[in-house]
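Heads up: the structure comes next, in structure tokens.
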Amino acid sequence: MELLVDLFGFLSVILRGLALGLAAITLGGVVFRHAVLARAPGFGGVDEAVLRRLWKVGQMSAAGLLTAVALGKALDLSVLTGTVGVPLASALTAPFALAGIATCTGALLMLLSADPHCRRGWLEGLAAMIILAGIVATTHATGRIEARGWLLFISALHQAGGALWIGGLPCFLIVLGASLAPTLRADLSARYSRLCVLAVLAILLSALAKYDAYLGVFAATYGTAYGLMTSTKVLMFLALLAFGAGNFWAVRRMAGPLDAAATLRTRRFVEVEMAVGIGVFFVAGSLTSLPPAIDLPDDRVAWGTIVERVFIPRAPQLTSPDHSELWYETAQAQLDQEAAAAREDAARAFVPGAGILYERSAADMAWSEYNHNWSGVFVLAIGLLALLARLPGFGFARHWPVIFVILGVFIAIRADPESWPLGDVGFFEAFREPGVVQHRLMTLLVMVFGLFEWRVRTGNLGDTRAAYVFPVSNIAGGVMMLTHSHVLENIQEALLIEISHIPIGLLALVAGSARWLELRAESPVRERAAWVWPLAFIGVGLVLMFYRES
Amino acid sequence: MKSHSMIRLILFCLVSLCCLFPPQRAAAHAVVVSARPAARSVLPAGEVAVDLEFNSRIDATRSRLAVIDGESRSTTLVIAQGAPANRIQSRTPALAPGKYLLEWYVLSTDGHITRGRLKFDVATTE
């Protein structure tokens, strides 16, 4: 039962992030089609194929939203009936379930009413309002004790702003890629750009009100899990703003002599903006599972503690403690001794899959620091070699992906000292421990990714599309790393560890986005981006090299 | 490389990455602001009034409260109706001296379930 509640935490964050993103694309699509396209007489001459593609984006996102919300609520209901013992009939009338039913109804109405020519605008508008209400009804605002109405309004404004801007990007991308007259494309882009300015204002104003209601003081922005996630979201918002500002100026150059270059550049920026935007929705999904920082005035991590732990580097731990010093080894030795004295079979100190949080001794922390710090050395080497490979005369450096394979082997050997090959727990038995499965998947992924990219670098892959595995993996990994960052209340140590994970997630996003631009953008963006991702790898390497747990 | 095999590889990367981050302990969404009995308190034998105040609105009719004795026997408590929106109130049956755990699974109105435990002792009356 407890495991179900624990599992539920992570899955609900993923489904919540998906639902937020898909709701934004659904709502953003409606606004784009009605407020940008349909306002031009006869759709400004946009051809049928483009209209159908725009409509299809809305249909697919509505279908995805329906699925994600239905799955999420089914999960919530199963946990509620399974753990709390609430009868299903009663659970179905709980406020969150009703909100889910409303969202699904809105999505269904959208699927049934929308058409490529925007003929049933009022029905689409109604569906959009129902979806927005359903999403807002499961935000923090619903649970607040005071000023609930105001906070629900603020939350709706925030969601609507996000939908208008980020949710409208897929449609904008279609318009940019369509074969339209330059003046028409410029006109549509300018309309959308003006809407985005309004959306940014809505996001900014509502964010200020949310800061006041959920954080309260600046110290909460770094001293609590909620505050850290909010700060991450702000950083990502700033990155989106930078891309948005680039697009804002590029749009104003369209239909002029630089039309083709401005359009292409905007398309590439919009692609990256969409990736970062998806990340923001997942971070937002993660935030909903955390208690607002203002409710946790005690046990915040002080700035001085963060500076001491994160910003004052200590020499990396490059020598490993002996395996026999680890907690489970000493505990097992003691159990063996006691069993021998009692002439009984010894119990096992570590039982894979038992779901027990084991103690961590100083040696365990040093072991973990050694793993992280050496991983940092590997990643730093990858970043430096990738930089070198760009210079003439350093052809050998293009083999840098091989280091990923070495890193994979290193993780496989060291990550789980109680299991094969270092510990007593067998290779297959260890699969019962979720942490071991995590590390083995990481090993596999790192090695496959390394081998793949190595073949790309050495030109052994005929298909250039294979190169996209790199940016997609980095962006997805970065998003997952950021989504993962939720901790139990305010356990200070856990929070300090999380602080080092957030920069890694952000840098992975930067690396993936830069590599994407290197592959797809034109000069000079391409050349600049090519320098950025190795630097991001160097950054990840340095964070890992100086990672500490004590 | 064929496009479908590339898509498969990208999907593999995405699914693997999802699996890389297994569930953490469920985030405590509804936080206890004040509790009666207080954690680690020592109370006289008899019935114990329970009053848990949370930071958010609680759906009391869909929450569960139980008291667990030293021998792991669990007794589900009846949650009182009419308490403030962010409180769970109840009363235990008469408790004999010993160690006890108060355990709750609460549903916030925004749909999050949070579980929590609190230890207290019932002392022998002199």
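Naming works like this for the structure tokens: A, B, ... for the chains as they're shown, residue 1 at the start of each chain, ligands 1 onward in shown order.
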
Enumerate, as a ChimeraX atom specification, the complete set of residues in segment 127-173 of chain A that a backbone-based DSSP assignment places in helix (DSSP H, G or I). /A:127-136,140-143,148-165,169-173

Segment 67-72 of chain B: which residues within 12 Å, counting only C-alpha atoms, same-chain residues fewer than 4 positions away excluded, as a PDB file with N, CA and C atoms, in the first residue's frame?
ATOM      1  N   PRO B  37      -2.523  14.792  19.403  1.00  0.00           N
ATOM      2  CA  PRO B  37      -1.388  14.929  20.312  1.00  0.00           C
ATOM      3  C   PRO B  37      -0.118  15.348  19.567  1.00  0.00           C
ATOM      4  N   GLU B  47      -9.146   8.050  26.552  1.00  0.00           N
ATOM      5  CA  GLU B  47      -9.376   8.517  25.182  1.00  0.00           C
ATOM      6  C   GLU B  47      -8.447   9.688  24.864  1.00  0.00           C
ATOM      7  N   VAL B  48      -8.053   9.769  23.617  1.00  0.00           N
ATOM      8  CA  VAL B  48      -7.152  10.858  23.202  1.00  0.00           C
ATOM      9  C   VAL B  48      -7.842  11.658  22.092  1.00  0.00           C
ATOM     10  N   ALA B  49      -7.933  12.962  22.310  1.00  0.00           N
ATOM     11  CA  ALA B  49      -8.503  13.828  21.275  1.00  0.00           C
ATOM     12  C   ALA B  49      -7.447  14.063  20.200  1.00  0.00           C
ATOM     13  N   VAL B  50      -7.853  13.891  18.930  1.00  0.00           N
ATOM     14  CA  VAL B  50      -6.918  14.074  17.808  1.00  0.00           C
ATOM     15  C   VAL B  50      -7.366  15.301  17.015  1.00  0.00           C
ATOM     16  N   THR B  76      -9.091   2.016  12.986  1.00  0.00           N
ATOM     17  CA  THR B  76      -9.483   3.174  12.178  1.00  0.00           C
ATOM     18  C   THR B  76     -10.356   4.103  13.017  1.00  0.00           C
ATOM     19  N   LEU B  77     -10.047   5.379  12.987  1.00  0.00           N
ATOM     20  CA  LEU B  77     -10.797   6.351  13.783  1.00  0.00           C
ATOM     21  C   LEU B  77     -11.858   7.015  12.920  1.00  0.00           C
ATOM     22  N   VAL B  78     -12.955   7.383  13.562  1.00  0.00           N
ATOM     23  CA  VAL B  78     -14.031   8.076  12.847  1.00  0.00           C
ATOM     24  C   VAL B  78     -13.676   9.561  12.807  1.00  0.00           C
ATOM     25  N   SER B  90     -10.747  13.936  15.545  1.00  0.00           N
ATOM     26  CA  SER B  90     -11.304  12.639  15.914  1.00  0.00           C
ATOM     27  C   SER B  90     -11.017  12.363  17.391  1.00  0.00           C
ATOM     28  N   ARG B  91     -11.375  11.212  17.852  1.00  0.00           N
ATOM     29  CA  ARG B  91     -11.119  10.815  19.239  1.00  0.00           C
ATOM     30  C   ARG B  91     -10.830   9.312  19.215  1.00  0.00           C
ATOM     31  N   THR B  92      -9.778   8.923  19.892  1.00  0.00           N
ATOM     32  CA  THR B  92      -9.427   7.495  19.910  1.00  0.00           C
ATOM     33  C   THR B  92     -10.296   6.774  20.945  1.00  0.00           C
ATOM     34  N   PRO B  93     -10.385   5.458  20.848  1.00  0.00           N
ATOM     35  CA  PRO B  93     -10.980   4.730  21.978  1.00  0.00           C
ATOM     36  C   PRO B  93     -10.028   4.827  23.180  1.00  0.00           C
ATOM     37  N   ALA B  94     -10.437   4.366  24.330  1.00  0.00           N
ATOM     38  CA  ALA B  94      -9.575   4.436  25.523  1.00  0.00           C
ATOM     39  C   ALA B  94      -8.283   3.662  25.249  1.00  0.00           C
ATOM     40  N   LEU B  95      -7.165   4.327  25.463  1.00  0.00           N
ATOM     41  CA  LEU B  95      -5.874   3.698  25.164  1.00  0.00           C
ATOM     42  C   LEU B  95      -5.186   3.264  26.451  1.00  0.00           C
ATOM     43  N   ALA B  96      -4.703   2.043  26.436  1.00  0.00           N
ATOM     44  CA  ALA B  96      -3.943   1.536  27.585  1.00  0.00           C
ATOM     45  C   ALA B  96      -2.511   2.052  27.495  1.00  0.00           C
ATOM     46  N   PRO B  97      -1.766   2.039  28.591  1.00  0.00           N
ATOM     47  CA  PRO B  97      -0.375   2.496  28.523  1.00  0.00           C
ATOM     48  C   PRO B  97       0.410   1.735  27.449  1.00  0.00           C
ATOM     49  N   GLY B  98       1.262   2.446  26.760  1.00  0.00           N
ATOM     50  CA  GLY B  98       2.065   1.823  25.710  1.00  0.00           C
ATOM     51  C   GLY B  98       2.484   2.835  24.656  1.00  0.00           C
ATOM     52  N   LYS B  99       3.118   2.300  23.606  1.00  0.00           N
ATOM     53  CA  LYS B  99       3.578   3.167  22.513  1.00  0.00           C
ATOM     54  C   LYS B  99       2.550   3.122  21.378  1.00  0.00           C
ATOM     55  N   TYR B 100       2.311   4.271  20.771  1.00  0.00           N
ATOM     56  CA  TYR B 100       1.288   4.345  19.716  1.00  0.00           C
ATOM     57  C   TYR B 100       1.791   5.158  18.525  1.00  0.00           C
ATOM     58  N   LEU B 101       1.171   4.841  17.393  1.00  0.00           N
ATOM     59  CA  LEU B 101       1.420   5.610  16.164  1.00  0.00           C
ATOM     60  C   LEU B 101       0.079   6.145  15.673  1.00  0.00           C
ATOM     61  N   LEU B 102       0.055   7.408  15.344  1.00  0.00           N
ATOM     62  CA  LEU B 102      -1.132   7.957  14.700  1.00  0.00           C
ATOM     63  C   LEU B 102      -0.786   8.021  13.213  1.00  0.00           C
ATOM     64  N   GLU B 103      -1.596   7.415  12.377  1.00  0.00           N
ATOM     65  CA  GLU B 103      -1.287   7.358  10.942  1.00  0.00           C
ATOM     66  C   GLU B 103      -2.436   7.969  10.149  1.00  0.00           C
ATOM     67  N   TRP B 104      -2.086   8.778   9.154  1.00  0.00           N
ATOM     68  CA  TRP B 104      -3.144   9.364   8.336  1.00  0.00           C
ATOM     69  C   TRP B 104      -2.813   9.286   6.847  1.00  0.00           C
ATOM     70  N   TYR B 105      -3.869   9.137   6.076  1.00  0.00           N
ATOM     71  CA  TYR B 105      -3.818   9.298   4.620  1.00  0.00           C
ATOM     72  C   TYR B 105      -4.831  10.387   4.324  1.00  0.00           C
ATOM     73  N   GLY B 116       1.148  10.244   6.540  1.00  0.00           N
ATOM     74  CA  GLY B 116       2.061  10.691   7.582  1.00  0.00           C
ATOM     75  C   GLY B 116       1.837   9.902   8.846  1.00  0.00           C
ATOM     76  N   ARG B 117       2.817   9.966   9.724  1.00  0.00           N
ATOM     77  CA  ARG B 117       2.744   9.230  10.988  1.00  0.00           C
ATOM     78  C   ARG B 117       3.256  10.093  12.103  1.00  0.00           C
ATOM     79  N   LEU B 118       2.780   9.823  13.292  1.00  0.00           N
ATOM     80  CA  LEU B 118       3.203  10.591  14.460  1.00  0.00           C
ATOM     81  C   LEU B 118       3.237   9.622  15.648  1.00  0.00           C
ATOM     82  N   LYS B 119       4.346   9.644  16.392  1.00  0.00           N
ATOM     83  CA  LYS B 119       4.479   8.729  17.537  1.00  0.00           C
ATOM     84  C   LYS B 119       4.049   9.429  18.812  1.00  0.00           C
ATOM     85  N   PHE B 120       3.367   8.716  19.689  1.00  0.00           N
ATOM     86  CA  PHE B 120       3.127   9.238  21.042  1.00  0.00           C
ATOM     87  C   PHE B 120       3.033   8.063  22.012  1.00  0.00           C
ATOM     88  N   ASP B 121       3.184   8.377  23.276  1.00  0.00           N
ATOM     89  CA  ASP B 121       3.147   7.333  24.313  1.00  0.00           C
ATOM     90  C   ASP B 121       1.968   7.583  25.244  1.00  0.00           C
ATOM     91  N   VAL B 122       1.416   6.528  25.735  1.00  0.00           N
ATOM     92  CA  VAL B 122       0.419   6.646  26.807  1.00  0.00           C
ATOM     93  C   VAL B 122       1.064   6.063  28.058  1.00  0.00           C
TER      94      VAL B 122
END

Please compute the atom CA of Ala220 of chain A-atom CA of Ala293 of chain A distance, one decimal, in Å.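 Computing it gives 6.0 Å between the two atoms.
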
Near-Pro182 of chain A list (12 Å; only C-alpha atoms; drop same-chain fewer than 3 positions) as a list in words: Gly44, Val46, Val175, Leu176, Gly177, Ala178, Ser179, Arg185, Ala186, Asp187, Leu188, Ser189, Val251, Arg252, Arg253, Met254, Ala255, Gly256, Pro257, Leu258, Asp259, Ala260, Ala261, Ala262 and Thr263 of chain A

Segment 191-208 of chain A surroundings by only C-alpha atoms, 7 Å radius, close-in-sequence under 2 positions cut, as a list in words: Val36, Ile154, Leu157, His158, Gly161, Gly162, Leu164, Trp165, Asp187, Leu188, Ser189, Lys210, Tyr211, Asp212 and Phe248 of chain A

Considering only C-alpha atoms, can you say which of B:Ala66, B:Ser41, B:Gly82, B:His29 comes closest to Ser108 of chain B?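 Checking each candidate against Ser108 of chain B, we get B:His29 as the closest.
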
Need the shell around segment 533-538 of chain A: protein/DNA/RNA residues with any atom at most 9 Å away, counting only C-alpha atoms. Skip same-chain ones fewer than 6 positions apart. Format as a ChimeraX atom specification? /A:376,379-387,507-515
